[in-house]
$ cat my_file.cif   # mmCIF, N, CA and C atoms
data_protein
#
loop_
_atom_site.label_atom_id
_atom_site.label_comp_id
_atom_site.auth_asym_id
_atom_site.auth_seq_id
_atom_site.Cartn_x
_atom_site.Cartn_y
_atom_site.Cartn_z
N MET A 13 -9.14 0.83 -11.57
CA MET A 13 -8.64 1.09 -10.22
C MET A 13 -9.75 1.71 -9.38
N LEU A 14 -9.96 3.00 -9.49
CA LEU A 14 -10.96 3.68 -8.66
C LEU A 14 -12.17 4.06 -9.49
N ASN A 15 -13.32 3.99 -8.88
CA ASN A 15 -14.52 4.53 -9.50
C ASN A 15 -14.55 6.01 -9.18
N HIS A 16 -14.88 6.80 -10.16
CA HIS A 16 -15.10 8.24 -9.94
C HIS A 16 -13.87 8.93 -9.34
N LYS A 17 -12.69 8.68 -9.88
CA LYS A 17 -11.46 9.25 -9.34
C LYS A 17 -11.49 10.78 -9.30
N GLU A 18 -11.96 11.39 -10.36
CA GLU A 18 -12.00 12.85 -10.37
C GLU A 18 -12.97 13.40 -9.34
N SER A 19 -14.09 12.72 -9.16
CA SER A 19 -15.06 13.12 -8.14
C SER A 19 -14.44 13.01 -6.74
N LEU A 20 -13.70 11.94 -6.52
CA LEU A 20 -13.01 11.75 -5.24
C LEU A 20 -11.99 12.86 -5.02
N LYS A 21 -11.22 13.20 -6.06
CA LYS A 21 -10.22 14.27 -5.93
C LYS A 21 -10.88 15.61 -5.63
N THR A 22 -12.00 15.89 -6.27
CA THR A 22 -12.71 17.15 -6.01
C THR A 22 -13.19 17.19 -4.56
N ALA A 23 -13.77 16.10 -4.09
CA ALA A 23 -14.23 16.04 -2.70
C ALA A 23 -13.05 16.17 -1.74
N LEU A 24 -11.94 15.54 -2.08
CA LEU A 24 -10.73 15.65 -1.24
C LEU A 24 -10.22 17.08 -1.18
N GLU A 25 -10.24 17.76 -2.31
CA GLU A 25 -9.76 19.15 -2.32
C GLU A 25 -10.59 20.00 -1.37
N VAL A 26 -11.89 19.86 -1.43
CA VAL A 26 -12.77 20.63 -0.54
C VAL A 26 -12.49 20.26 0.92
N GLN A 27 -12.44 18.96 1.20
CA GLN A 27 -12.24 18.50 2.58
C GLN A 27 -10.88 18.89 3.12
N LEU A 28 -9.84 18.69 2.32
CA LEU A 28 -8.49 18.99 2.80
C LEU A 28 -8.23 20.49 2.90
N LYS A 29 -8.85 21.29 2.04
CA LYS A 29 -8.75 22.74 2.22
C LYS A 29 -9.37 23.13 3.55
N TYR A 30 -10.45 22.47 3.91
CA TYR A 30 -11.10 22.76 5.20
C TYR A 30 -10.20 22.32 6.36
N HIS A 31 -9.65 21.10 6.27
CA HIS A 31 -8.83 20.57 7.36
C HIS A 31 -7.43 21.19 7.42
N GLU A 32 -6.81 21.32 6.28
CA GLU A 32 -5.42 21.78 6.23
C GLU A 32 -5.30 23.28 5.98
N GLY A 33 -6.33 23.85 5.33
CA GLY A 33 -6.26 25.24 4.91
C GLY A 33 -5.52 25.35 3.59
N LEU A 34 -5.51 26.55 3.05
CA LEU A 34 -4.74 26.85 1.84
C LEU A 34 -3.81 27.99 2.20
N GLU A 35 -2.55 27.67 2.32
CA GLU A 35 -1.55 28.65 2.75
C GLU A 35 -0.54 28.84 1.64
N LEU A 36 -0.46 30.06 1.12
CA LEU A 36 0.43 30.34 0.00
C LEU A 36 1.83 30.78 0.44
N LYS A 37 2.04 30.90 1.73
CA LYS A 37 3.34 31.26 2.28
C LYS A 37 3.90 30.04 3.02
N VAL A 38 5.14 29.69 2.72
CA VAL A 38 5.77 28.54 3.37
C VAL A 38 5.89 28.83 4.88
N TYR A 39 5.42 27.86 5.68
CA TYR A 39 5.41 28.01 7.14
C TYR A 39 5.83 26.70 7.80
N ARG A 40 6.08 26.76 9.08
CA ARG A 40 6.39 25.55 9.86
C ARG A 40 5.09 25.08 10.51
N ASP A 41 4.78 23.80 10.33
CA ASP A 41 3.56 23.26 10.93
C ASP A 41 3.76 23.05 12.43
N THR A 42 2.81 22.42 13.08
CA THR A 42 2.84 22.27 14.54
C THR A 42 4.02 21.44 15.03
N VAL A 43 4.62 20.63 14.16
CA VAL A 43 5.80 19.86 14.55
C VAL A 43 7.07 20.38 13.89
N GLY A 44 7.01 21.56 13.29
CA GLY A 44 8.19 22.22 12.76
C GLY A 44 8.56 21.87 11.33
N ILE A 45 7.68 21.19 10.62
CA ILE A 45 7.97 20.80 9.23
C ILE A 45 7.52 21.91 8.29
N LEU A 46 8.39 22.27 7.34
CA LEU A 46 8.03 23.28 6.35
C LEU A 46 6.86 22.75 5.50
N THR A 47 5.84 23.59 5.39
CA THR A 47 4.59 23.21 4.75
C THR A 47 4.09 24.38 3.92
N VAL A 48 3.33 24.08 2.86
CA VAL A 48 2.77 25.13 2.00
C VAL A 48 1.57 24.56 1.27
N GLY A 49 0.75 25.43 0.73
CA GLY A 49 -0.39 24.99 -0.06
C GLY A 49 -1.45 24.34 0.80
N ILE A 50 -1.94 23.21 0.35
CA ILE A 50 -2.95 22.45 1.10
C ILE A 50 -2.22 21.33 1.83
N GLY A 51 -1.54 21.70 2.92
CA GLY A 51 -0.85 20.72 3.74
C GLY A 51 0.30 20.00 3.07
N HIS A 52 0.94 20.62 2.07
CA HIS A 52 2.05 19.96 1.37
C HIS A 52 3.30 20.00 2.24
N ASN A 53 3.77 18.82 2.62
CA ASN A 53 4.95 18.63 3.46
C ASN A 53 6.20 18.73 2.58
N LEU A 54 6.94 19.81 2.74
CA LEU A 54 8.12 20.04 1.91
C LEU A 54 9.31 19.18 2.29
N LYS A 55 9.30 18.63 3.50
CA LYS A 55 10.39 17.74 3.91
C LYS A 55 10.24 16.40 3.18
N ALA A 56 9.05 15.86 3.19
CA ALA A 56 8.81 14.56 2.55
C ALA A 56 8.75 14.68 1.03
N ASN A 57 8.25 15.82 0.55
CA ASN A 57 8.05 16.02 -0.89
C ASN A 57 8.53 17.41 -1.30
N PRO A 58 9.82 17.57 -1.53
CA PRO A 58 10.33 18.89 -1.94
C PRO A 58 9.62 19.39 -3.19
N ALA A 59 9.49 20.69 -3.29
CA ALA A 59 8.77 21.31 -4.41
C ALA A 59 9.60 21.34 -5.69
N LEU A 60 10.91 21.23 -5.59
CA LEU A 60 11.78 21.37 -6.77
C LEU A 60 11.34 20.50 -7.95
N PRO A 61 11.09 19.19 -7.77
CA PRO A 61 10.71 18.38 -8.93
C PRO A 61 9.34 18.76 -9.51
N ILE A 62 8.48 19.35 -8.70
CA ILE A 62 7.12 19.66 -9.14
C ILE A 62 7.03 21.09 -9.68
N LEU A 63 7.60 22.04 -8.94
CA LEU A 63 7.50 23.45 -9.32
C LEU A 63 8.75 23.99 -9.99
N GLY A 64 9.83 23.22 -9.93
CA GLY A 64 11.07 23.67 -10.57
C GLY A 64 11.86 24.66 -9.73
N ARG A 65 11.53 24.75 -8.45
CA ARG A 65 12.29 25.64 -7.58
C ARG A 65 12.23 25.16 -6.13
N LEU A 66 13.28 25.50 -5.39
CA LEU A 66 13.30 25.19 -3.96
C LEU A 66 12.43 26.19 -3.22
N LEU A 67 11.81 25.76 -2.17
CA LEU A 67 11.03 26.67 -1.32
C LEU A 67 11.61 26.69 0.07
N ARG A 68 11.71 27.89 0.61
CA ARG A 68 12.22 28.08 1.98
C ARG A 68 11.14 28.79 2.80
N GLU A 69 11.29 28.74 4.09
CA GLU A 69 10.32 29.38 4.99
C GLU A 69 10.12 30.84 4.58
N GLY A 70 8.86 31.24 4.47
CA GLY A 70 8.51 32.60 4.11
C GLY A 70 8.30 32.82 2.62
N ASP A 71 8.76 31.89 1.77
CA ASP A 71 8.55 32.02 0.32
C ASP A 71 7.05 31.95 0.01
N LEU A 72 6.67 32.58 -1.09
CA LEU A 72 5.28 32.57 -1.52
C LEU A 72 5.13 31.73 -2.78
N ILE A 73 3.96 31.08 -2.90
CA ILE A 73 3.60 30.38 -4.13
C ILE A 73 2.24 30.91 -4.59
N THR A 74 1.88 30.59 -5.82
CA THR A 74 0.57 30.99 -6.32
C THR A 74 -0.46 29.91 -5.98
N GLU A 75 -1.74 30.26 -6.11
CA GLU A 75 -2.77 29.25 -5.88
C GLU A 75 -2.66 28.12 -6.90
N GLU A 76 -2.29 28.45 -8.12
CA GLU A 76 -2.11 27.43 -9.16
C GLU A 76 -0.99 26.45 -8.76
N GLU A 77 0.10 26.98 -8.20
CA GLU A 77 1.18 26.11 -7.74
C GLU A 77 0.72 25.24 -6.57
N ALA A 78 -0.09 25.82 -5.68
CA ALA A 78 -0.62 25.05 -4.56
C ALA A 78 -1.47 23.88 -5.07
N ILE A 79 -2.29 24.13 -6.07
CA ILE A 79 -3.13 23.08 -6.64
C ILE A 79 -2.28 22.03 -7.35
N LYS A 80 -1.21 22.46 -7.99
CA LYS A 80 -0.29 21.51 -8.65
C LYS A 80 0.33 20.58 -7.60
N LEU A 81 0.80 21.15 -6.48
CA LEU A 81 1.35 20.34 -5.39
C LEU A 81 0.29 19.40 -4.82
N PHE A 82 -0.92 19.93 -4.61
CA PHE A 82 -2.02 19.14 -4.08
C PHE A 82 -2.31 17.95 -4.99
N ASN A 83 -2.43 18.20 -6.29
CA ASN A 83 -2.75 17.12 -7.23
C ASN A 83 -1.68 16.04 -7.21
N GLU A 84 -0.43 16.46 -7.13
CA GLU A 84 0.68 15.50 -7.05
C GLU A 84 0.56 14.66 -5.78
N ASP A 85 0.31 15.33 -4.65
CA ASP A 85 0.16 14.62 -3.37
C ASP A 85 -1.00 13.64 -3.40
N VAL A 86 -2.15 14.10 -3.87
CA VAL A 86 -3.36 13.28 -3.84
C VAL A 86 -3.25 12.10 -4.81
N ASP A 87 -2.69 12.32 -5.98
CA ASP A 87 -2.51 11.21 -6.92
C ASP A 87 -1.66 10.11 -6.29
N LYS A 88 -0.58 10.49 -5.62
CA LYS A 88 0.30 9.51 -4.97
C LYS A 88 -0.44 8.79 -3.84
N ILE A 89 -1.14 9.54 -3.00
CA ILE A 89 -1.75 8.94 -1.82
C ILE A 89 -2.91 8.02 -2.19
N ILE A 90 -3.67 8.38 -3.23
CA ILE A 90 -4.76 7.50 -3.67
C ILE A 90 -4.19 6.17 -4.15
N ILE A 91 -3.12 6.21 -4.91
CA ILE A 91 -2.49 4.98 -5.39
C ILE A 91 -1.97 4.16 -4.21
N GLN A 92 -1.33 4.82 -3.24
CA GLN A 92 -0.80 4.10 -2.08
C GLN A 92 -1.92 3.43 -1.28
N VAL A 93 -3.01 4.15 -1.06
CA VAL A 93 -4.11 3.57 -0.29
C VAL A 93 -4.74 2.43 -1.09
N ASP A 94 -4.97 2.64 -2.37
CA ASP A 94 -5.56 1.60 -3.22
C ASP A 94 -4.67 0.35 -3.24
N ASP A 95 -3.36 0.54 -3.30
CA ASP A 95 -2.43 -0.59 -3.32
C ASP A 95 -2.38 -1.35 -1.99
N ASN A 96 -2.68 -0.68 -0.88
CA ASN A 96 -2.51 -1.28 0.44
C ASN A 96 -3.79 -1.65 1.18
N VAL A 97 -4.91 -1.19 0.70
CA VAL A 97 -6.20 -1.52 1.33
C VAL A 97 -6.99 -2.31 0.29
N PRO A 98 -7.04 -3.65 0.46
CA PRO A 98 -7.62 -4.49 -0.58
C PRO A 98 -9.02 -4.10 -1.05
N LYS A 99 -9.88 -3.65 -0.18
CA LYS A 99 -11.25 -3.34 -0.57
C LYS A 99 -11.46 -1.88 -0.95
N PHE A 100 -10.39 -1.11 -1.03
CA PHE A 100 -10.52 0.33 -1.24
C PHE A 100 -11.38 0.68 -2.45
N ALA A 101 -11.13 0.06 -3.59
CA ALA A 101 -11.86 0.40 -4.82
C ALA A 101 -13.35 0.10 -4.73
N THR A 102 -13.74 -0.80 -3.82
CA THR A 102 -15.16 -1.17 -3.70
C THR A 102 -15.90 -0.33 -2.66
N LEU A 103 -15.18 0.49 -1.92
CA LEU A 103 -15.81 1.30 -0.88
C LEU A 103 -16.56 2.47 -1.47
N SER A 104 -17.52 2.98 -0.71
CA SER A 104 -18.21 4.20 -1.12
C SER A 104 -17.22 5.35 -1.16
N GLN A 105 -17.57 6.39 -1.89
CA GLN A 105 -16.68 7.55 -1.98
C GLN A 105 -16.41 8.14 -0.60
N ASN A 106 -17.41 8.19 0.27
CA ASN A 106 -17.19 8.75 1.61
C ASN A 106 -16.18 7.93 2.40
N ARG A 107 -16.22 6.62 2.27
CA ARG A 107 -15.26 5.78 2.99
C ARG A 107 -13.87 5.90 2.37
N GLN A 108 -13.81 6.00 1.05
CA GLN A 108 -12.52 6.25 0.40
C GLN A 108 -11.95 7.58 0.87
N LEU A 109 -12.81 8.57 0.97
CA LEU A 109 -12.42 9.91 1.40
C LEU A 109 -11.79 9.88 2.79
N VAL A 110 -12.40 9.12 3.70
CA VAL A 110 -11.86 9.00 5.07
C VAL A 110 -10.45 8.42 5.03
N LEU A 111 -10.28 7.33 4.30
CA LEU A 111 -8.98 6.67 4.26
C LEU A 111 -7.91 7.54 3.61
N VAL A 112 -8.25 8.21 2.52
CA VAL A 112 -7.27 9.05 1.85
C VAL A 112 -6.94 10.27 2.72
N ASP A 113 -7.95 10.84 3.38
CA ASP A 113 -7.71 11.97 4.29
C ASP A 113 -6.76 11.55 5.40
N MET A 114 -7.01 10.38 5.99
CA MET A 114 -6.13 9.88 7.05
C MET A 114 -4.71 9.68 6.52
N ALA A 115 -4.58 9.06 5.34
CA ALA A 115 -3.25 8.81 4.77
C ALA A 115 -2.56 10.12 4.43
N PHE A 116 -3.32 11.11 3.97
CA PHE A 116 -2.76 12.43 3.67
C PHE A 116 -2.18 13.03 4.94
N ASN A 117 -2.91 12.91 6.04
CA ASN A 117 -2.49 13.49 7.32
C ASN A 117 -1.37 12.69 7.98
N LEU A 118 -1.48 11.38 7.95
CA LEU A 118 -0.56 10.50 8.68
C LEU A 118 0.60 9.98 7.85
N GLY A 119 0.38 9.83 6.55
CA GLY A 119 1.30 9.08 5.70
C GLY A 119 0.81 7.64 5.64
N ILE A 120 1.13 6.95 4.57
CA ILE A 120 0.62 5.60 4.36
C ILE A 120 1.14 4.62 5.42
N ARG A 121 2.39 4.75 5.83
CA ARG A 121 2.94 3.82 6.84
C ARG A 121 2.16 3.89 8.15
N ARG A 122 1.87 5.10 8.58
CA ARG A 122 1.13 5.23 9.84
C ARG A 122 -0.33 4.81 9.68
N LEU A 123 -0.93 5.05 8.52
CA LEU A 123 -2.28 4.56 8.30
C LEU A 123 -2.32 3.04 8.41
N LEU A 124 -1.32 2.37 7.87
CA LEU A 124 -1.31 0.91 7.88
C LEU A 124 -1.12 0.32 9.28
N LYS A 125 -0.75 1.15 10.24
CA LYS A 125 -0.66 0.69 11.64
C LYS A 125 -2.04 0.58 12.29
N PHE A 126 -3.08 1.05 11.61
CA PHE A 126 -4.45 0.92 12.11
C PHE A 126 -4.97 -0.46 11.72
N GLY A 127 -4.30 -1.50 12.20
CA GLY A 127 -4.59 -2.87 11.79
C GLY A 127 -6.02 -3.31 12.06
N LYS A 128 -6.51 -3.02 13.26
CA LYS A 128 -7.88 -3.44 13.59
C LYS A 128 -8.90 -2.70 12.74
N MET A 129 -8.67 -1.42 12.49
CA MET A 129 -9.58 -0.65 11.65
C MET A 129 -9.58 -1.22 10.23
N LEU A 130 -8.41 -1.49 9.68
CA LEU A 130 -8.32 -2.01 8.33
C LEU A 130 -8.90 -3.41 8.21
N ALA A 131 -8.70 -4.23 9.24
CA ALA A 131 -9.30 -5.57 9.24
C ALA A 131 -10.83 -5.47 9.24
N ALA A 132 -11.35 -4.54 10.03
CA ALA A 132 -12.80 -4.35 10.08
C ALA A 132 -13.33 -3.88 8.72
N ILE A 133 -12.60 -3.00 8.06
CA ILE A 133 -13.02 -2.54 6.73
C ILE A 133 -13.05 -3.72 5.77
N ASN A 134 -12.04 -4.57 5.84
CA ASN A 134 -11.99 -5.73 4.93
C ASN A 134 -13.10 -6.74 5.22
N GLN A 135 -13.71 -6.65 6.40
CA GLN A 135 -14.85 -7.52 6.75
C GLN A 135 -16.17 -6.77 6.62
N ASP A 136 -16.14 -5.58 6.02
CA ASP A 136 -17.33 -4.73 5.86
C ASP A 136 -17.99 -4.39 7.19
N ASN A 137 -17.20 -4.33 8.26
CA ASN A 137 -17.73 -3.96 9.57
C ASN A 137 -17.30 -2.51 9.85
N PHE A 138 -18.09 -1.59 9.33
CA PHE A 138 -17.72 -0.18 9.37
C PHE A 138 -17.97 0.45 10.73
N VAL A 139 -18.81 -0.16 11.55
CA VAL A 139 -19.02 0.34 12.91
C VAL A 139 -17.74 0.12 13.72
N ILE A 140 -17.19 -1.08 13.64
CA ILE A 140 -15.93 -1.36 14.35
C ILE A 140 -14.79 -0.53 13.75
N ALA A 141 -14.76 -0.40 12.43
CA ALA A 141 -13.71 0.41 11.79
C ALA A 141 -13.74 1.84 12.32
N ALA A 142 -14.94 2.42 12.40
CA ALA A 142 -15.07 3.79 12.91
C ALA A 142 -14.66 3.88 14.37
N THR A 143 -15.05 2.88 15.15
CA THR A 143 -14.69 2.86 16.58
C THR A 143 -13.18 2.81 16.75
N GLU A 144 -12.54 1.95 15.98
CA GLU A 144 -11.07 1.83 16.05
C GLU A 144 -10.40 3.15 15.65
N MET A 145 -10.92 3.79 14.62
CA MET A 145 -10.34 5.06 14.18
C MET A 145 -10.49 6.11 15.27
N LEU A 146 -11.68 6.17 15.87
CA LEU A 146 -11.95 7.21 16.87
C LEU A 146 -11.28 6.94 18.21
N ASN A 147 -10.90 5.69 18.47
CA ASN A 147 -10.21 5.36 19.71
C ASN A 147 -8.69 5.30 19.49
N SER A 148 -8.17 6.31 18.83
CA SER A 148 -6.74 6.32 18.51
C SER A 148 -6.11 7.64 18.96
N GLY A 149 -4.80 7.60 19.05
CA GLY A 149 -4.06 8.83 19.34
C GLY A 149 -4.24 9.85 18.24
N TRP A 150 -4.38 9.37 17.00
CA TRP A 150 -4.62 10.28 15.87
C TRP A 150 -5.90 11.07 16.09
N ALA A 151 -6.98 10.39 16.47
CA ALA A 151 -8.27 11.07 16.67
C ALA A 151 -8.17 12.09 17.79
N LEU A 152 -7.41 11.77 18.84
CA LEU A 152 -7.22 12.74 19.92
C LEU A 152 -6.47 13.96 19.42
N GLN A 153 -5.51 13.76 18.53
CA GLN A 153 -4.69 14.86 18.01
C GLN A 153 -5.50 15.75 17.07
N VAL A 154 -6.29 15.15 16.19
CA VAL A 154 -6.98 15.95 15.17
C VAL A 154 -8.40 16.34 15.58
N LYS A 155 -8.87 15.81 16.68
CA LYS A 155 -10.17 16.15 17.27
C LYS A 155 -11.34 16.05 16.30
N SER A 156 -11.96 17.16 15.96
CA SER A 156 -13.19 17.13 15.15
C SER A 156 -12.94 16.62 13.74
N ARG A 157 -11.71 16.72 13.26
CA ARG A 157 -11.41 16.19 11.92
C ARG A 157 -11.72 14.70 11.86
N ALA A 158 -11.39 13.97 12.92
CA ALA A 158 -11.64 12.53 12.94
C ALA A 158 -13.15 12.23 12.90
N LYS A 159 -13.93 13.03 13.54
CA LYS A 159 -15.38 12.80 13.57
C LYS A 159 -16.02 13.15 12.24
N ARG A 160 -15.50 14.17 11.57
CA ARG A 160 -16.04 14.53 10.25
C ARG A 160 -15.78 13.42 9.28
#

$ encode --input "my_file.cif" --output "structure tokens"
Amino acid sequence: MLNHKESLKTALEVQLKYHEGLELKVYRDTVGILTVGIGHNLKANPALPILGRLLREGDLITEEEAIKLFNEDVDKIIIQVDDNVPKFATLSQNRQLVLVDMAFNLGIRRLLKFGKMLAAINQDNFVIAATEMLNSGWALQVKSRAKR
């Protein structure tokens, strides 16, 4: 499936901690969704099956629990991106990192709406792919994250 999966996960952890932060207290994100750890969306992915307990706003988790949630999230998202982007496994780690970061932030369904960007990737036209990514509402919302 993926080359260097563990290396990709390590790079993702560093990048997503930078973008999402590491928050051990359950909080509401900018759109009101309960979130904890490294951007773990509790609405889409409740903690009960992973941590064995429900989490409510203000609850605390350990860093180990945050990493457990992160690993669960990243394992799922890597598989989803790999399954939906035909050339994903052949891309450089940096390009894989961009796609997984976007899918982590947007969800796979919204990532797949970047049709022109994905078509450009499948044609190895990374200049157009980057242009399409940066000329999106997502890039306006996340600002410097999109450029990184």

$ closest_residue --input "my_file.cif" --among "A:Ala141, A:Pro58, A:Lys155, A:Gln108" --to "Leu20 (chain A)" --atoms "only N, CA and C atoms"
A:Gln108

$ residues_near_point --input "my_file.cif" --point "(-8.5, 7.6, 17.7)" --cutoff "12 Å" --atoms "only C-alpha atoms" --output "PyMOL selection string"
chain A and resi 114+123+126+128-129+141-159

$ resolve_selection --input "my_file.cif" --expression "the PyMOL selection byres (((chain A and resi 75-91 and name CA) around 9) and name CA)" --output "VMD selection string"
chain A and resid 13 to 14 17 21 24 to 25 34 to 36 48 to 52 57 59 62 to 63 73 to 74 92 to 96 108 112 115 to 116 119 to 120

$ atom_distance --input "my_file.cif" --atom1 "atom N of Leu54 (chain A)" --atom2 "atom C of Arg107 (chain A)"
25.0 Å

$ select_by_dssp --input "my_file.cif" --residues "chain A" --states "helix (DSSP H, G or I)" --output "number ranges by chain"
A: 17-32, 60-63, 75-96, 100-102, 105-118, 120-123, 127-134, 138-146, 149-154, 156-159

$ closest_residue --input "my_file.cif" --among "A:Arg121, A:Glu69, A:Thr47, A:Phe138" --to "Ser104 (chain A)" --atoms "only C-alpha atoms"
A:Phe138

$ atom_distance --input "my_file.cif" --atom1 "atom N of Gly70 (chain A)" --atom2 "CA of Lys37 (chain A)"
5.9 Å

$ atom_distance --input "my_file.cif" --atom1 "atom C of Leu60 (chain A)" --atom2 "atom N of Lys125 (chain A)"
29.2 Å

$ closest_residue --input "my_file.cif" --among "A:Ile140, A:Val97, A:Leu72, A:Ile45" --to "Leu111 (chain A)" --atoms "only C-alpha atoms"
A:Val97

$ decode --input "my_file.cif" --residues "region 117-141 of chain A" --atoms "N, CA and C atoms" --output "PDB file, in the first residue's frame"
ATOM      1  N   ASN A 117      -8.229  17.550   7.827  1.00  0.00           N
ATOM      2  CA  ASN A 117      -8.914  18.810   8.115  1.00  0.00           C
ATOM      3  C   ASN A 117     -10.316  18.858   7.525  1.00  0.00           C
ATOM      4  N   LEU A 118     -10.464  18.384   6.299  1.00  0.00           N
ATOM      5  CA  LEU A 118     -11.725  18.514   5.565  1.00  0.00           C
ATOM      6  C   LEU A 118     -12.635  17.294   5.663  1.00  0.00           C
ATOM      7  N   GLY A 119     -12.043  16.124   5.834  1.00  0.00           N
ATOM      8  CA  GLY A 119     -12.768  14.867   5.661  1.00  0.00           C
ATOM      9  C   GLY A 119     -12.575  14.411   4.223  1.00  0.00           C
ATOM     10  N   ILE A 120     -12.670  13.120   3.995  1.00  0.00           N
ATOM     11  CA  ILE A 120     -12.394  12.566   2.670  1.00  0.00           C
ATOM     12  C   ILE A 120     -13.405  13.056   1.631  1.00  0.00           C
ATOM     13  N   ARG A 121     -14.672  13.173   1.993  1.00  0.00           N
ATOM     14  CA  ARG A 121     -15.688  13.620   1.020  1.00  0.00           C
ATOM     15  C   ARG A 121     -15.380  15.005   0.483  1.00  0.00           C
ATOM     16  N   ARG A 122     -15.011  15.903   1.379  1.00  0.00           N
ATOM     17  CA  ARG A 122     -14.702  17.262   0.922  1.00  0.00           C
ATOM     18  C   ARG A 122     -13.387  17.311   0.155  1.00  0.00           C
ATOM     19  N   LEU A 123     -12.413  16.496   0.529  1.00  0.00           N
ATOM     20  CA  LEU A 123     -11.181  16.441  -0.252  1.00  0.00           C
ATOM     21  C   LEU A 123     -11.480  16.007  -1.686  1.00  0.00           C
ATOM     22  N   LEU A 124     -12.364  15.037  -1.848  1.00  0.00           N
ATOM     23  CA  LEU A 124     -12.666  14.516  -3.180  1.00  0.00           C
ATOM     24  C   LEU A 124     -13.409  15.524  -4.056  1.00  0.00           C
ATOM     25  N   LYS A 125     -13.896  16.609  -3.472  1.00  0.00           N
ATOM     26  CA  LYS A 125     -14.519  17.678  -4.259  1.00  0.00           C
ATOM     27  C   LYS A 125     -13.481  18.557  -4.950  1.00  0.00           C
ATOM     28  N   PHE A 126     -12.203  18.365  -4.632  1.00  0.00           N
ATOM     29  CA  PHE A 126     -11.125  19.089  -5.294  1.00  0.00           C
ATOM     30  C   PHE A 126     -10.786  18.366  -6.599  1.00  0.00           C
ATOM     31  N   GLY A 127     -11.768  18.264  -7.481  1.00  0.00           N
ATOM     32  CA  GLY A 127     -11.638  17.473  -8.707  1.00  0.00           C
ATOM     33  C   GLY A 127     -10.492  17.902  -9.607  1.00  0.00           C
ATOM     34  N   LYS A 128     -10.357  19.200  -9.828  1.00  0.00           N
ATOM     35  CA  LYS A 128      -9.281  19.680 -10.708  1.00  0.00           C
ATOM     36  C   LYS A 128      -7.916  19.416 -10.088  1.00  0.00           C
ATOM     37  N   MET A 129      -7.802  19.595  -8.781  1.00  0.00           N
ATOM     38  CA  MET A 129      -6.539  19.333  -8.110  1.00  0.00           C
ATOM     39  C   MET A 129      -6.184  17.851  -8.223  1.00  0.00           C
ATOM     40  N   LEU A 130      -7.149  16.978  -7.969  1.00  0.00           N
ATOM     41  CA  LEU A 130      -6.897  15.545  -8.025  1.00  0.00           C
ATOM     42  C   LEU A 130      -6.595  15.071  -9.444  1.00  0.00           C
ATOM     43  N   ALA A 131      -7.273  15.664 -10.426  1.00  0.00           N
ATOM     44  CA  ALA A 131      -6.983  15.321 -11.826  1.00  0.00           C
ATOM     45  C   ALA A 131      -5.551  15.730 -12.180  1.00  0.00           C
ATOM     46  N   ALA A 132      -5.138  16.897 -11.718  1.00  0.00           N
ATOM     47  CA  ALA A 132      -3.773  17.354 -11.979  1.00  0.00           C
ATOM     48  C   ALA A 132      -2.753  16.418 -11.316  1.00  0.00           C
ATOM     49  N   ILE A 133      -3.040  15.973 -10.110  1.00  0.00           N
ATOM     50  CA  ILE A 133      -2.138  15.030  -9.434  1.00  0.00           C
ATOM     51  C   ILE A 133      -2.027  13.747 -10.249  1.00  0.00           C
ATOM     52  N   ASN A 134      -3.156  13.262 -10.746  1.00  0.00           N
ATOM     53  CA  ASN A 134      -3.137  12.020 -11.529  1.00  0.00           C
ATOM     54  C   ASN A 134      -2.402  12.179 -12.854  1.00  0.00           C
ATOM     55  N   GLN A 135      -2.198  13.423 -13.295  1.00  0.00           N
ATOM     56  CA  GLN A 135      -1.429  13.697 -14.517  1.00  0.00           C
ATOM     57  C   GLN A 135      -0.016  14.166 -14.185  1.00  0.00           C
ATOM     58  N   ASP A 136       0.382  14.042 -12.919  1.00  0.00           N
ATOM     59  CA  ASP A 136       1.709  14.484 -12.455  1.00  0.00           C
ATOM     60  C   ASP A 136       1.960  15.967 -12.713  1.00  0.00           C
ATOM     61  N   ASN A 137       0.888  16.766 -12.729  1.00  0.00           N
ATOM     62  CA  ASN A 137       1.026  18.209 -12.924  1.00  0.00           C
ATOM     63  C   ASN A 137       0.830  18.879 -11.557  1.00  0.00           C
ATOM     64  N   PHE A 138       1.914  18.925 -10.800  1.00  0.00           N
ATOM     65  CA  PHE A 138       1.833  19.382  -9.423  1.00  0.00           C
ATOM     66  C   PHE A 138       1.743  20.897  -9.300  1.00  0.00           C
ATOM     67  N   VAL A 139       2.142  21.617 -10.340  1.00  0.00           N
ATOM     68  CA  VAL A 139       1.989  23.075 -10.334  1.00  0.00           C
ATOM     69  C   VAL A 139       0.504  23.419 -10.392  1.00  0.00           C
ATOM     70  N   ILE A 140      -0.221  22.787 -11.303  1.00  0.00           N
ATOM     71  CA  ILE A 140      -1.668  23.029 -11.390  1.00  0.00           C
ATOM     72  C   ILE A 140      -2.362  22.513 -10.131  1.00  0.00           C
ATOM     73  N   ALA A 141      -1.944  21.365  -9.620  1.00  0.00           N
ATOM     74  CA  ALA A 141      -2.548  20.822  -8.395  1.00  0.00           C
ATOM     75  C   ALA A 141      -2.407  21.826  -7.253  1.00  0.00           C
TER      76      ALA A 141
END
